[in-house]
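Below is one structure, written out as structure tokens; the observations come after it.
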Amino acid sequence: MTEDCGDPCSVREISSLLSKKWRLNLLRAVQTDGPCRFSDLKRRFDISSKVLTNSLNELTDYGIVERTAHSGVHVTYSLTDSGADLLDTVGDLDSWTARSGRKTVPTVLVVDDNPRLNNLFADLLHSDYDVRQACERRQLERQQFEVTDVVVFHYKPRGPIDHSALQSVAKPECDCRLVVVVPTRRHLERLELHHCGHLVLPVTKPELRRCIEHVLDCRADDE
């Protein structure tokens, strides 16, 4: 008699769900920014209303995202406990992928305490990288740097996330690389960070991508 080990279909369904375009990015956006309006998500990812509606409805049907109406004026979407658990599991899978050598797309973590600028940098990178975001120090501290290839850090002299928060990333023995975006060149003199590429605002997509590829190439040369 074969022992019933549970219904594997649910695993396949969730895998299929997350493999669909925008699903995982939407989950991470809702996790990073908290309750999000439909218009915020549409603006951030520049996708059609129909695609966004279908994506959010599917995530809601699975109990991963919760839809909340506010006095009939607008609705917001937030991550449920089940959704948070799912993203934790995805993080564990990322770690396994990195350890097994099967990872093919670099993971880039965007660090900026301004959600609008954070989203702007992330939007420049979504088409080429697996993008994560941290808008607060606590979000940064719970990142899994062992599966992060590059951190893009918008440096602000008196910002709530100062460069000391990145010291664990900037150690010479760390395999993660750092790209620092600064307001002016004189700010570079204040930073003493290893494995670091740098850009001065304003930054274009080609410039940011070239800098990321440069630090990744340097890491490959060091290995």
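By order in the structure tokens, chains are A, B, ...; within a chain, residues start at 1; ligands start at 1, following the order shown.
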Among region 15-218 of chain A, which ones does DSSP assign to strand (DSSP E or B) (computed from the backbone)? Answer as a PDB file with all heavy atoms, in the first residue's frame.
```pdb
ATOM      1  N   CYS A  36      -0.655  48.658  -0.455  1.00  0.00           N
ATOM      2  CA  CYS A  36      -0.453  49.425  -1.691  1.00  0.00           C
ATOM      3  C   CYS A  36      -1.781  49.615  -2.408  1.00  0.00           C
ATOM      4  O   CYS A  36      -2.599  48.699  -2.471  1.00  0.00           O
ATOM      5  CB  CYS A  36       0.506  48.689  -2.629  1.00  0.00           C
ATOM      6  SG  CYS A  36       2.170  48.457  -1.990  1.00  0.00           S
ATOM      7  N   ARG A  37      -1.960  50.787  -2.968  1.00  0.00           N
ATOM      8  CA  ARG A  37      -3.115  51.019  -3.816  1.00  0.00           C
ATOM      9  C   ARG A  37      -2.870  50.430  -5.200  1.00  0.00           C
ATOM     10  O   ARG A  37      -1.726  50.250  -5.626  1.00  0.00           O
ATOM     11  CB  ARG A  37      -3.388  52.517  -3.947  1.00  0.00           C
ATOM     12  CG  ARG A  37      -3.807  53.204  -2.660  1.00  0.00           C
ATOM     13  CD  ARG A  37      -4.285  54.607  -2.961  1.00  0.00           C
ATOM     14  NE  ARG A  37      -4.641  55.343  -1.760  1.00  0.00           N
ATOM     15  CZ  ARG A  37      -5.304  56.496  -1.766  1.00  0.00           C
ATOM     16  NH1 ARG A  37      -5.657  57.038  -2.919  1.00  0.00           N
ATOM     17  NH2 ARG A  37      -5.592  57.102  -0.635  1.00  0.00           N
ATOM     18  N   VAL A  65      -2.416  37.496  -0.777  1.00  0.00           N
ATOM     19  CA  VAL A  65      -2.600  38.944  -0.676  1.00  0.00           C
ATOM     20  C   VAL A  65      -4.022  39.218  -0.210  1.00  0.00           C
ATOM     21  O   VAL A  65      -4.958  38.509  -0.593  1.00  0.00           O
ATOM     22  CB  VAL A  65      -2.336  39.627  -2.040  1.00  0.00           C
ATOM     23  CG1 VAL A  65      -2.837  41.061  -2.048  1.00  0.00           C
ATOM     24  CG2 VAL A  65      -0.847  39.590  -2.372  1.00  0.00           C
ATOM     25  N   GLU A  66      -4.169  40.234   0.622  1.00  0.00           N
ATOM     26  CA  GLU A  66      -5.493  40.613   1.130  1.00  0.00           C
ATOM     27  C   GLU A  66      -5.920  41.944   0.522  1.00  0.00           C
ATOM     28  O   GLU A  66      -5.145  42.903   0.482  1.00  0.00           O
ATOM     29  CB  GLU A  66      -5.462  40.733   2.648  1.00  0.00           C
ATOM     30  CG  GLU A  66      -6.810  41.082   3.253  1.00  0.00           C
ATOM     31  CD  GLU A  66      -6.762  41.141   4.768  1.00  0.00           C
ATOM     32  OE1 GLU A  66      -5.657  41.313   5.322  1.00  0.00           O
ATOM     33  OE2 GLU A  66      -7.829  41.023   5.400  1.00  0.00           O
ATOM     34  N   ARG A  67      -7.155  41.983   0.056  1.00  0.00           N
ATOM     35  CA  ARG A  67      -7.731  43.207  -0.517  1.00  0.00           C
ATOM     36  C   ARG A  67      -8.617  43.857   0.534  1.00  0.00           C
ATOM     37  O   ARG A  67      -9.538  43.232   1.058  1.00  0.00           O
ATOM     38  CB  ARG A  67      -8.541  42.871  -1.766  1.00  0.00           C
ATOM     39  CG  ARG A  67      -9.171  44.065  -2.471  1.00  0.00           C
ATOM     40  CD  ARG A  67      -9.973  43.583  -3.672  1.00  0.00           C
ATOM     41  NE  ARG A  67     -10.496  44.675  -4.468  1.00  0.00           N
ATOM     42  CZ  ARG A  67     -11.628  45.315  -4.220  1.00  0.00           C
ATOM     43  NH1 ARG A  67     -12.371  44.956  -3.168  1.00  0.00           N
ATOM     44  NH2 ARG A  67     -12.036  46.297  -5.008  1.00  0.00           N
ATOM     45  N   THR A  68      -8.351  45.131   0.841  1.00  0.00           N
ATOM     46  CA  THR A  68      -9.103  45.835   1.876  1.00  0.00           C
ATOM     47  C   THR A  68      -9.724  47.099   1.304  1.00  0.00           C
ATOM     48  O   THR A  68      -9.024  47.924   0.700  1.00  0.00           O
ATOM     49  CB  THR A  68      -8.183  46.225   3.058  1.00  0.00           C
ATOM     50  OG1 THR A  68      -7.553  45.048   3.573  1.00  0.00           O
ATOM     51  CG2 THR A  68      -8.989  46.884   4.167  1.00  0.00           C
ATOM     52  N   ALA A  69     -11.046  47.243   1.476  1.00  0.00           N
ATOM     53  CA  ALA A  69     -11.741  48.445   1.027  1.00  0.00           C
ATOM     54  C   ALA A  69     -11.746  49.470   2.155  1.00  0.00           C
ATOM     55  O   ALA A  69     -11.979  49.129   3.318  1.00  0.00           O
ATOM     56  CB  ALA A  69     -13.167  48.107   0.616  1.00  0.00           C
ATOM     57  N   HIS A  70     -11.487  50.722   1.804  1.00  0.00           N
ATOM     58  CA  HIS A  70     -11.433  51.799   2.791  1.00  0.00           C
ATOM     59  C   HIS A  70     -12.550  52.801   2.524  1.00  0.00           C
ATOM     60  O   HIS A  70     -12.453  53.638   1.623  1.00  0.00           O
ATOM     61  CB  HIS A  70     -10.082  52.504   2.735  1.00  0.00           C
ATOM     62  CG  HIS A  70      -8.920  51.610   3.046  1.00  0.00           C
ATOM     63  ND1 HIS A  70      -8.425  51.428   4.316  1.00  0.00           N
ATOM     64  CD2 HIS A  70      -8.175  50.821   2.229  1.00  0.00           C
ATOM     65  CE1 HIS A  70      -7.411  50.585   4.282  1.00  0.00           C
ATOM     66  NE2 HIS A  70      -7.237  50.193   3.024  1.00  0.00           N
ATOM     67  N   HIS A  74     -11.249  53.843  -1.773  1.00  0.00           N
ATOM     68  CA  HIS A  74     -10.186  53.126  -2.468  1.00  0.00           C
ATOM     69  C   HIS A  74      -9.928  51.804  -1.760  1.00  0.00           C
ATOM     70  O   HIS A  74     -10.428  51.565  -0.657  1.00  0.00           O
ATOM     71  CB  HIS A  74      -8.905  53.962  -2.517  1.00  0.00           C
ATOM     72  CG  HIS A  74      -8.272  54.173  -1.176  1.00  0.00           C
ATOM     73  ND1 HIS A  74      -8.627  55.200  -0.331  1.00  0.00           N
ATOM     74  CD2 HIS A  74      -7.305  53.471  -0.522  1.00  0.00           C
ATOM     75  CE1 HIS A  74      -7.913  55.137   0.770  1.00  0.00           C
ATOM     76  NE2 HIS A  74      -7.100  54.094   0.692  1.00  0.00           N
ATOM     77  N   VAL A  75      -9.166  50.956  -2.417  1.00  0.00           N
ATOM     78  CA  VAL A  75      -8.789  49.678  -1.824  1.00  0.00           C
ATOM     79  C   VAL A  75      -7.270  49.589  -1.769  1.00  0.00           C
ATOM     80  O   VAL A  75      -6.567  50.252  -2.536  1.00  0.00           O
ATOM     81  CB  VAL A  75      -9.351  48.480  -2.625  1.00  0.00           C
ATOM     82  CG1 VAL A  75     -10.862  48.519  -2.660  1.00  0.00           C
ATOM     83  CG2 VAL A  75      -8.775  48.457  -4.032  1.00  0.00           C
ATOM     84  N   THR A  76      -6.787  48.792  -0.835  1.00  0.00           N
ATOM     85  CA  THR A  76      -5.351  48.545  -0.744  1.00  0.00           C
ATOM     86  C   THR A  76      -5.108  47.045  -0.730  1.00  0.00           C
ATOM     87  O   THR A  76      -5.994  46.253  -0.388  1.00  0.00           O
ATOM     88  CB  THR A  76      -4.737  49.166   0.526  1.00  0.00           C
ATOM     89  OG1 THR A  76      -5.403  48.643   1.687  1.00  0.00           O
ATOM     90  CG2 THR A  76      -4.849  50.677   0.499  1.00  0.00           C
ATOM     91  N   TYR A  77      -3.898  46.683  -1.091  1.00  0.00           N
ATOM     92  CA  TYR A  77      -3.484  45.283  -1.117  1.00  0.00           C
ATOM     93  C   TYR A  77      -2.306  45.109  -0.173  1.00  0.00           C
ATOM     94  O   TYR A  77      -1.346  45.881  -0.218  1.00  0.00           O
ATOM     95  CB  TYR A  77      -3.102  44.866  -2.536  1.00  0.00           C
ATOM     96  CG  TYR A  77      -4.262  44.924  -3.499  1.00  0.00           C
ATOM     97  CD1 TYR A  77      -4.567  46.101  -4.173  1.00  0.00           C
ATOM     98  CD2 TYR A  77      -5.069  43.807  -3.713  1.00  0.00           C
ATOM     99  CE1 TYR A  77      -5.644  46.165  -5.044  1.00  0.00           C
ATOM    100  CE2 TYR A  77      -6.149  43.862  -4.586  1.00  0.00           C
ATOM    101  CZ  TYR A  77      -6.427  45.046  -5.248  1.00  0.00           C
ATOM    102  OH  TYR A  77      -7.508  45.102  -6.108  1.00  0.00           O
ATOM    103  N   SER A  78      -2.402  44.115   0.688  1.00  0.00           N
ATOM    104  CA  SER A  78      -1.340  43.862   1.662  1.00  0.00           C
ATOM    105  C   SER A  78      -1.027  42.371   1.702  1.00  0.00           C
ATOM    106  O   SER A  78      -1.833  41.532   1.276  1.00  0.00           O
ATOM    107  CB  SER A  78      -1.746  44.359   3.054  1.00  0.00           C
ATOM    108  OG  SER A  78      -2.968  43.766   3.461  1.00  0.00           O
ATOM    109  N   LEU A  79       0.135  42.066   2.217  1.00  0.00           N
ATOM    110  CA  LEU A  79       0.584  40.681   2.303  1.00  0.00           C
ATOM    111  C   LEU A  79      -0.058  40.011   3.518  1.00  0.00           C
ATOM    112  O   LEU A  79      -0.077  40.569   4.611  1.00  0.00           O
ATOM    113  CB  LEU A  79       2.105  40.651   2.429  1.00  0.00           C
ATOM    114  CG  LEU A  79       2.834  39.362   2.052  1.00  0.00           C
ATOM    115  CD1 LEU A  79       2.671  39.078   0.570  1.00  0.00           C
ATOM    116  CD2 LEU A  79       4.315  39.490   2.396  1.00  0.00           C
ATOM    117  N   THR A 107      21.042  38.538  -8.374  1.00  0.00           N
ATOM    118  CA  THR A 107      20.094  39.173  -7.459  1.00  0.00           C
ATOM    119  C   THR A 107      20.653  40.526  -7.035  1.00  0.00           C
ATOM    120  O   THR A 107      21.783  40.619  -6.560  1.00  0.00           O
ATOM    121  CB  THR A 107      19.863  38.304  -6.216  1.00  0.00           C
ATOM    122  OG1 THR A 107      19.276  37.064  -6.623  1.00  0.00           O
ATOM    123  CG2 THR A 107      18.930  38.998  -5.233  1.00  0.00           C
ATOM    124  N   VAL A 108      19.846  41.563  -7.222  1.00  0.00           N
ATOM    125  CA  VAL A 108      20.251  42.928  -6.883  1.00  0.00           C
ATOM    126  C   VAL A 108      19.318  43.462  -5.805  1.00  0.00           C
ATOM    127  O   VAL A 108      18.093  43.414  -5.950  1.00  0.00           O
ATOM    128  CB  VAL A 108      20.209  43.850  -8.120  1.00  0.00           C
ATOM    129  CG1 VAL A 108      20.548  45.286  -7.730  1.00  0.00           C
ATOM    130  CG2 VAL A 108      21.173  43.350  -9.193  1.00  0.00           C
ATOM    131  N   LEU A 109      19.894  43.951  -4.720  1.00  0.00           N
ATOM    132  CA  LEU A 109      19.126  44.557  -3.636  1.00  0.00           C
ATOM    133  C   LEU A 109      19.259  46.072  -3.729  1.00  0.00           C
ATOM    134  O   LEU A 109      20.365  46.609  -3.696  1.00  0.00           O
ATOM    135  CB  LEU A 109      19.645  44.075  -2.279  1.00  0.00           C
ATOM    136  CG  LEU A 109      19.067  44.774  -1.042  1.00  0.00           C
ATOM    137  CD1 LEU A 109      17.572  44.499  -0.911  1.00  0.00           C
ATOM    138  CD2 LEU A 109      19.807  44.330   0.218  1.00  0.00           C
ATOM    139  N   VAL A 110      18.124  46.763  -3.866  1.00  0.00           N
ATOM    140  CA  VAL A 110      18.105  48.225  -3.930  1.00  0.00           C
ATOM    141  C   VAL A 110      17.807  48.769  -2.536  1.00  0.00           C
ATOM    142  O   VAL A 110      16.801  48.405  -1.918  1.00  0.00           O
ATOM    143  CB  VAL A 110      17.042  48.726  -4.929  1.00  0.00           C
ATOM    144  CG1 VAL A 110      16.987  50.249  -4.931  1.00  0.00           C
ATOM    145  CG2 VAL A 110      17.342  48.204  -6.329  1.00  0.00           C
ATOM    146  N   VAL A 111      18.687  49.632  -2.033  1.00  0.00           N
ATOM    147  CA  VAL A 111      18.537  50.203  -0.695  1.00  0.00           C
ATOM    148  C   VAL A 111      18.377  51.713  -0.809  1.00  0.00           C
ATOM    149  O   VAL A 111      19.295  52.423  -1.241  1.00  0.00           O
ATOM    150  CB  VAL A 111      19.757  49.874   0.197  1.00  0.00           C
ATOM    151  CG1 VAL A 111      19.574  50.477   1.587  1.00  0.00           C
ATOM    152  CG2 VAL A 111      19.964  48.369   0.290  1.00  0.00           C
ATOM    153  N   ASP A 130      17.047  39.841 -10.780  1.00  0.00           N
ATOM    154  CA  ASP A 130      16.103  39.494  -9.717  1.00  0.00           C
ATOM    155  C   ASP A 130      16.247  40.584  -8.661  1.00  0.00           C
ATOM    156  O   ASP A 130      17.237  40.623  -7.930  1.00  0.00           O
ATOM    157  CB  ASP A 130      16.451  38.121  -9.144  1.00  0.00           C
ATOM    158  CG  ASP A 130      15.576  37.749  -7.958  1.00  0.00           C
ATOM    159  OD1 ASP A 130      14.495  38.348  -7.801  1.00  0.00           O
ATOM    160  OD2 ASP A 130      15.983  36.864  -7.177  1.00  0.00           O
ATOM    161  N   VAL A 131      15.274  41.482  -8.589  1.00  0.00           N
ATOM    162  CA  VAL A 131      15.412  42.698  -7.788  1.00  0.00           C
ATOM    163  C   VAL A 131      14.683  42.562  -6.456  1.00  0.00           C
ATOM    164  O   VAL A 131      13.514  42.165  -6.402  1.00  0.00           O
ATOM    165  CB  VAL A 131      14.870  43.923  -8.555  1.00  0.00           C
ATOM    166  CG1 VAL A 131      15.013  45.189  -7.711  1.00  0.00           C
ATOM    167  CG2 VAL A 131      15.615  44.091  -9.874  1.00  0.00           C
ATOM    168  N   ARG A 132      15.393  42.886  -5.377  1.00  0.00           N
ATOM    169  CA  ARG A 132      14.807  42.992  -4.037  1.00  0.00           C
ATOM    170  C   ARG A 132      14.925  44.450  -3.602  1.00  0.00           C
ATOM    171  O   ARG A 132      15.733  45.201  -4.137  1.00  0.00           O
ATOM    172  CB  ARG A 132      15.546  42.098  -3.044  1.00  0.00           C
ATOM    173  CG  ARG A 132      15.833  40.696  -3.559  1.00  0.00           C
ATOM    174  CD  ARG A 132      14.563  39.893  -3.748  1.00  0.00           C
ATOM    175  NE  ARG A 132      14.833  38.612  -4.378  1.00  0.00           N
ATOM    176  CZ  ARG A 132      15.232  37.524  -3.722  1.00  0.00           C
ATOM    177  NH1 ARG A 132      15.440  37.574  -2.416  1.00  0.00           N
ATOM    178  NH2 ARG A 132      15.439  36.389  -4.367  1.00  0.00           N
ATOM    179  N   GLN A 133      14.142  44.834  -2.601  1.00  0.00           N
ATOM    180  CA  GLN A 133      14.167  46.224  -2.153  1.00  0.00           C
ATOM    181  C   GLN A 133      14.142  46.312  -0.630  1.00  0.00           C
ATOM    182  O   GLN A 133      13.530  45.477   0.043  1.00  0.00           O
ATOM    183  CB  GLN A 133      12.966  46.985  -2.729  1.00  0.00           C
ATOM    184  CG  GLN A 133      12.993  47.123  -4.243  1.00  0.00           C
ATOM    185  CD  GLN A 133      11.720  47.739  -4.793  1.00  0.00           C
ATOM    186  OE1 GLN A 133      10.873  47.030  -5.334  1.00  0.00           O
ATOM    187  NE2 GLN A 133      11.587  49.051  -4.665  1.00  0.00           N
ATOM    188  N   ALA A 134      14.805  47.339  -0.112  1.00  0.00           N
ATOM    189  CA  ALA A 134      14.780  47.637   1.316  1.00  0.00           C
ATOM    190  C   ALA A 134      14.662  49.144   1.476  1.00  0.00           C
ATOM    191  O   ALA A 134      15.514  49.895   0.999  1.00  0.00           O
ATOM    192  CB  ALA A 134      16.043  47.124   2.006  1.00  0.00           C
ATOM    193  N   VAL A 150      24.573  41.868  -5.777  1.00  0.00           N
ATOM    194  CA  VAL A 150      24.941  43.284  -5.779  1.00  0.00           C
ATOM    195  C   VAL A 150      23.934  44.073  -4.949  1.00  0.00           C
ATOM    196  O   VAL A 150      22.725  43.844  -5.051  1.00  0.00           O
ATOM    197  CB  VAL A 150      24.973  43.863  -7.213  1.00  0.00           C
ATOM    198  CG1 VAL A 150      25.314  45.352  -7.187  1.00  0.00           C
ATOM    199  CG2 VAL A 150      25.977  43.116  -8.083  1.00  0.00           C
ATOM    200  N   VAL A 151      24.446  44.988  -4.129  1.00  0.00           N
ATOM    201  CA  VAL A 151      23.599  45.940  -3.413  1.00  0.00           C
ATOM    202  C   VAL A 151      23.771  47.302  -4.069  1.00  0.00           C
ATOM    203  O   VAL A 151      24.893  47.798  -4.216  1.00  0.00           O
ATOM    204  CB  VAL A 151      23.982  46.037  -1.922  1.00  0.00           C
ATOM    205  CG1 VAL A 151      23.168  47.143  -1.236  1.00  0.00           C
ATOM    206  CG2 VAL A 151      23.749  44.708  -1.222  1.00  0.00           C
ATOM    207  N   VAL A 152      22.663  47.895  -4.497  1.00  0.00           N
ATOM    208  CA  VAL A 152      22.674  49.264  -5.019  1.00  0.00           C
ATOM    209  C   VAL A 152      22.197  50.168  -3.889  1.00  0.00           C
ATOM    210  O   VAL A 152      21.042  50.094  -3.464  1.00  0.00           O
ATOM    211  CB  VAL A 152      21.765  49.405  -6.255  1.00  0.00           C
ATOM    212  CG1 VAL A 152      21.702  50.864  -6.704  1.00  0.00           C
ATOM    213  CG2 VAL A 152      22.272  48.529  -7.397  1.00  0.00           C
ATOM    214  N   PHE A 153      23.100  51.008  -3.391  1.00  0.00           N
ATOM    215  CA  PHE A 153      22.827  51.811  -2.198  1.00  0.00           C
ATOM    216  C   PHE A 153      22.865  53.294  -2.551  1.00  0.00           C
ATOM    217  O   PHE A 153      23.877  53.807  -3.023  1.00  0.00           O
ATOM    218  CB  PHE A 153      23.881  51.497  -1.129  1.00  0.00           C
ATOM    219  CG  PHE A 153      23.803  52.369   0.094  1.00  0.00           C
ATOM    220  CD1 PHE A 153      22.618  52.532   0.784  1.00  0.00           C
ATOM    221  CD2 PHE A 153      24.935  53.026   0.562  1.00  0.00           C
ATOM    222  CE1 PHE A 153      22.547  53.331   1.916  1.00  0.00           C
ATOM    223  CE2 PHE A 153      24.887  53.823   1.693  1.00  0.00           C
ATOM    224  CZ  PHE A 153      23.689  53.977   2.375  1.00  0.00           C
ATOM    225  N   HIS A 154      21.732  53.974  -2.339  1.00  0.00           N
ATOM    226  CA  HIS A 154      21.673  55.421  -2.543  1.00  0.00           C
ATOM    227  C   HIS A 154      22.135  56.093  -1.258  1.00  0.00           C
ATOM    228  O   HIS A 154      21.419  56.118  -0.265  1.00  0.00           O
ATOM    229  CB  HIS A 154      20.247  55.843  -2.900  1.00  0.00           C
ATOM    230  CG  HIS A 154      20.117  57.311  -3.180  1.00  0.00           C
ATOM    231  ND1 HIS A 154      18.895  57.954  -3.214  1.00  0.00           N
ATOM    232  CD2 HIS A 154      21.055  58.268  -3.433  1.00  0.00           C
ATOM    233  CE1 HIS A 154      19.087  59.234  -3.473  1.00  0.00           C
ATOM    234  NE2 HIS A 154      20.384  59.446  -3.605  1.00  0.00           N
ATOM    235  N   ARG A 177      28.719  42.328  -3.855  1.00  0.00           N
ATOM    236  CA  ARG A 177      29.342  43.560  -4.328  1.00  0.00           C
ATOM    237  C   ARG A 177      28.405  44.744  -4.114  1.00  0.00           C
ATOM    238  O   ARG A 177      27.200  44.577  -3.959  1.00  0.00           O
ATOM    239  CB  ARG A 177      29.728  43.437  -5.802  1.00  0.00           C
ATOM    240  CG  ARG A 177      30.839  42.424  -6.066  1.00  0.00           C
ATOM    241  CD  ARG A 177      32.084  42.765  -5.251  1.00  0.00           C
ATOM    242  NE  ARG A 177      33.231  41.972  -5.654  1.00  0.00           N
ATOM    243  CZ  ARG A 177      33.708  40.938  -4.979  1.00  0.00           C
ATOM    244  NH1 ARG A 177      33.113  40.551  -3.873  1.00  0.00           N
ATOM    245  NH2 ARG A 177      34.782  40.288  -5.403  1.00  0.00           N
ATOM    246  N   LEU A 178      28.990  45.936  -4.122  1.00  0.00           N
ATOM    247  CA  LEU A 178      28.251  47.137  -3.754  1.00  0.00           C
ATOM    248  C   LEU A 178      28.384  48.201  -4.836  1.00  0.00           C
ATOM    249  O   LEU A 178      29.480  48.453  -5.341  1.00  0.00           O
ATOM    250  CB  LEU A 178      28.801  47.669  -2.427  1.00  0.00           C
ATOM    251  CG  LEU A 178      28.096  48.842  -1.753  1.00  0.00           C
ATOM    252  CD1 LEU A 178      26.665  48.480  -1.391  1.00  0.00           C
ATOM    253  CD2 LEU A 178      28.872  49.250  -0.499  1.00  0.00           C
ATOM    254  N   VAL A 179      27.253  48.795  -5.200  1.00  0.00           N
ATOM    255  CA  VAL A 179      27.229  49.964  -6.079  1.00  0.00           C
ATOM    256  C   VAL A 179      26.619  51.111  -5.278  1.00  0.00           C
ATOM    257  O   VAL A 179      25.481  51.013  -4.822  1.00  0.00           O
ATOM    258  CB  VAL A 179      26.401  49.710  -7.356  1.00  0.00           C
ATOM    259  CG1 VAL A 179      26.211  51.010  -8.137  1.00  0.00           C
ATOM    260  CG2 VAL A 179      27.075  48.665  -8.234  1.00  0.00           C
ATOM    261  N   VAL A 180      27.392  52.166  -5.089  1.00  0.00           N
ATOM    262  CA  VAL A 180      26.931  53.312  -4.307  1.00  0.00           C
ATOM    263  C   VAL A 180      26.580  54.459  -5.245  1.00  0.00           C
ATOM    264  O   VAL A 180      27.385  54.839  -6.103  1.00  0.00           O
ATOM    265  CB  VAL A 180      28.007  53.774  -3.301  1.00  0.00           C
ATOM    266  CG1 VAL A 180      27.513  54.987  -2.520  1.00  0.00           C
ATOM    267  CG2 VAL A 180      28.353  52.645  -2.347  1.00  0.00           C
ATOM    268  N   VAL A 181      25.377  54.981  -5.075  1.00  0.00           N
ATOM    269  CA  VAL A 181      24.931  56.142  -5.844  1.00  0.00           C
ATOM    270  C   VAL A 181      24.992  57.349  -4.913  1.00  0.00           C
ATOM    271  O   VAL A 181      24.385  57.345  -3.840  1.00  0.00           O
ATOM    272  CB  VAL A 181      23.502  55.945  -6.378  1.00  0.00           C
ATOM    273  CG1 VAL A 181      23.071  57.157  -7.204  1.00  0.00           C
ATOM    274  CG2 VAL A 181      23.410  54.668  -7.211  1.00  0.00           C
ATOM    275  N   VAL A 182      25.749  58.367  -5.299  1.00  0.00           N
ATOM    276  CA  VAL A 182      25.973  59.521  -4.424  1.00  0.00           C
ATOM    277  C   VAL A 182      25.443  60.796  -5.074  1.00  0.00           C
ATOM    278  O   VAL A 182      25.356  60.897  -6.304  1.00  0.00           O
ATOM    279  CB  VAL A 182      27.476  59.685  -4.102  1.00  0.00           C
ATOM    280  CG1 VAL A 182      27.981  58.508  -3.296  1.00  0.00           C
ATOM    281  CG2 VAL A 182      28.292  59.849  -5.379  1.00  0.00           C
ATOM    282  N   CYS A 196      33.448  48.101  -4.361  1.00  0.00           N
ATOM    283  CA  CYS A 196      32.421  49.116  -4.554  1.00  0.00           C
ATOM    284  C   CYS A 196      32.544  49.786  -5.916  1.00  0.00           C
ATOM    285  O   CYS A 196      33.623  50.236  -6.307  1.00  0.00           O
ATOM    286  CB  CYS A 196      32.537  50.150  -3.435  1.00  0.00           C
ATOM    287  SG  CYS A 196      31.396  51.528  -3.578  1.00  0.00           S
ATOM    288  N   GLY A 197      31.421  49.842  -6.634  1.00  0.00           N
ATOM    289  CA  GLY A 197      31.319  50.696  -7.794  1.00  0.00           C
ATOM    290  C   GLY A 197      30.562  51.939  -7.377  1.00  0.00           C
ATOM    291  O   GLY A 197      29.877  51.943  -6.353  1.00  0.00           O
ATOM    292  N   HIS A 198      30.684  53.008  -8.123  1.00  0.00           N
ATOM    293  CA  HIS A 198      29.978  54.216  -7.714  1.00  0.00           C
ATOM    294  C   HIS A 198      29.449  54.972  -8.927  1.00  0.00           C
ATOM    295  O   HIS A 198      30.020  54.910 -10.018  1.00  0.00           O
ATOM    296  CB  HIS A 198      30.887  55.131  -6.889  1.00  0.00           C
ATOM    297  CG  HIS A 198      32.049  55.681  -7.661  1.00  0.00           C
ATOM    298  ND1 HIS A 198      33.268  55.047  -7.719  1.00  0.00           N
ATOM    299  CD2 HIS A 198      32.175  56.804  -8.420  1.00  0.00           C
ATOM    300  CE1 HIS A 198      34.097  55.749  -8.470  1.00  0.00           C
ATOM    301  NE2 HIS A 198      33.467  56.815  -8.912  1.00  0.00           N
ATOM    302  N   LEU A 199      28.346  55.671  -8.692  1.00  0.00           N
ATOM    303  CA  LEU A 199      27.720  56.508  -9.705  1.00  0.00           C
ATOM    304  C   LEU A 199      27.287  57.812  -9.049  1.00  0.00           C
ATOM    305  O   LEU A 199      26.961  57.842  -7.863  1.00  0.00           O
ATOM    306  CB  LEU A 199      26.491  55.811 -10.303  1.00  0.00           C
ATOM    307  CG  LEU A 199      26.743  54.551 -11.148  1.00  0.00           C
ATOM    308  CD1 LEU A 199      25.426  53.819 -11.386  1.00  0.00           C
ATOM    309  CD2 LEU A 199      27.397  54.911 -12.473  1.00  0.00           C
ATOM    310  N   VAL A 200      27.271  58.869  -9.831  1.00  0.00           N
ATOM    311  CA  VAL A 200      26.844  60.171  -9.335  1.00  0.00           C
ATOM    312  C   VAL A 200      25.515  60.531  -9.994  1.00  0.00           C
ATOM    313  O   VAL A 200      25.349  60.376 -11.210  1.00  0.00           O
ATOM    314  CB  VAL A 200      27.898  61.256  -9.646  1.00  0.00           C
ATOM    315  CG1 VAL A 200      27.426  62.623  -9.141  1.00  0.00           C
ATOM    316  CG2 VAL A 200      29.239  60.888  -9.018  1.00  0.00           C
TER     317      VAL A 200
END
```
Show me, as a PDB file with N, CA and C atoms, in the first residue's frame, the residues that have an atom within 9 Å of region 17-22 of chain A when counting only C-alpha atoms, minus same-chain residues fewer than 5 positions from it.
```pdb
ATOM      1  N   ARG A  12       2.790  22.265  -7.081  1.00  0.00           N
ATOM      2  CA  ARG A  12       2.871  22.613  -8.503  1.00  0.00           C
ATOM      3  C   ARG A  12       2.086  23.882  -8.798  1.00  0.00           C
ATOM      4  N   LEU A  27       4.314  40.562  -5.156  1.00  0.00           N
ATOM      5  CA  LEU A  27       4.388  40.137  -3.756  1.00  0.00           C
ATOM      6  C   LEU A  27       5.494  40.876  -3.020  1.00  0.00           C
ATOM      7  N   PHE A  45       5.003  49.339 -11.881  1.00  0.00           N
ATOM      8  CA  PHE A  45       5.410  48.305 -12.824  1.00  0.00           C
ATOM      9  C   PHE A  45       5.035  48.621 -14.271  1.00  0.00           C
ATOM     10  N   VAL A  51      -4.019  43.327 -16.770  1.00  0.00           N
ATOM     11  CA  VAL A  51      -3.020  42.371 -16.291  1.00  0.00           C
ATOM     12  C   VAL A  51      -2.847  42.495 -14.783  1.00  0.00           C
ATOM     13  N   LEU A  52      -2.804  43.727 -14.282  1.00  0.00           N
ATOM     14  CA  LEU A  52      -2.631  43.933 -12.848  1.00  0.00           C
ATOM     15  C   LEU A  52      -3.837  43.410 -12.075  1.00  0.00           C
ATOM     16  N   SER A  55      -3.699  39.643 -11.985  1.00  0.00           N
ATOM     17  CA  SER A  55      -2.615  39.187 -11.111  1.00  0.00           C
ATOM     18  C   SER A  55      -3.012  39.310  -9.648  1.00  0.00           C
ATOM     19  N   GLU A  58      -5.714  36.818  -8.611  1.00  0.00           N
ATOM     20  CA  GLU A  58      -5.191  35.464  -8.434  1.00  0.00           C
ATOM     21  C   GLU A  58      -4.454  35.339  -7.106  1.00  0.00           C
ATOM     22  N   LEU A  59      -3.642  36.335  -6.780  1.00  0.00           N
ATOM     23  CA  LEU A  59      -2.917  36.307  -5.507  1.00  0.00           C
ATOM     24  C   LEU A  59      -3.888  36.371  -4.326  1.00  0.00           C
TER      25      LEU A  59
END
```
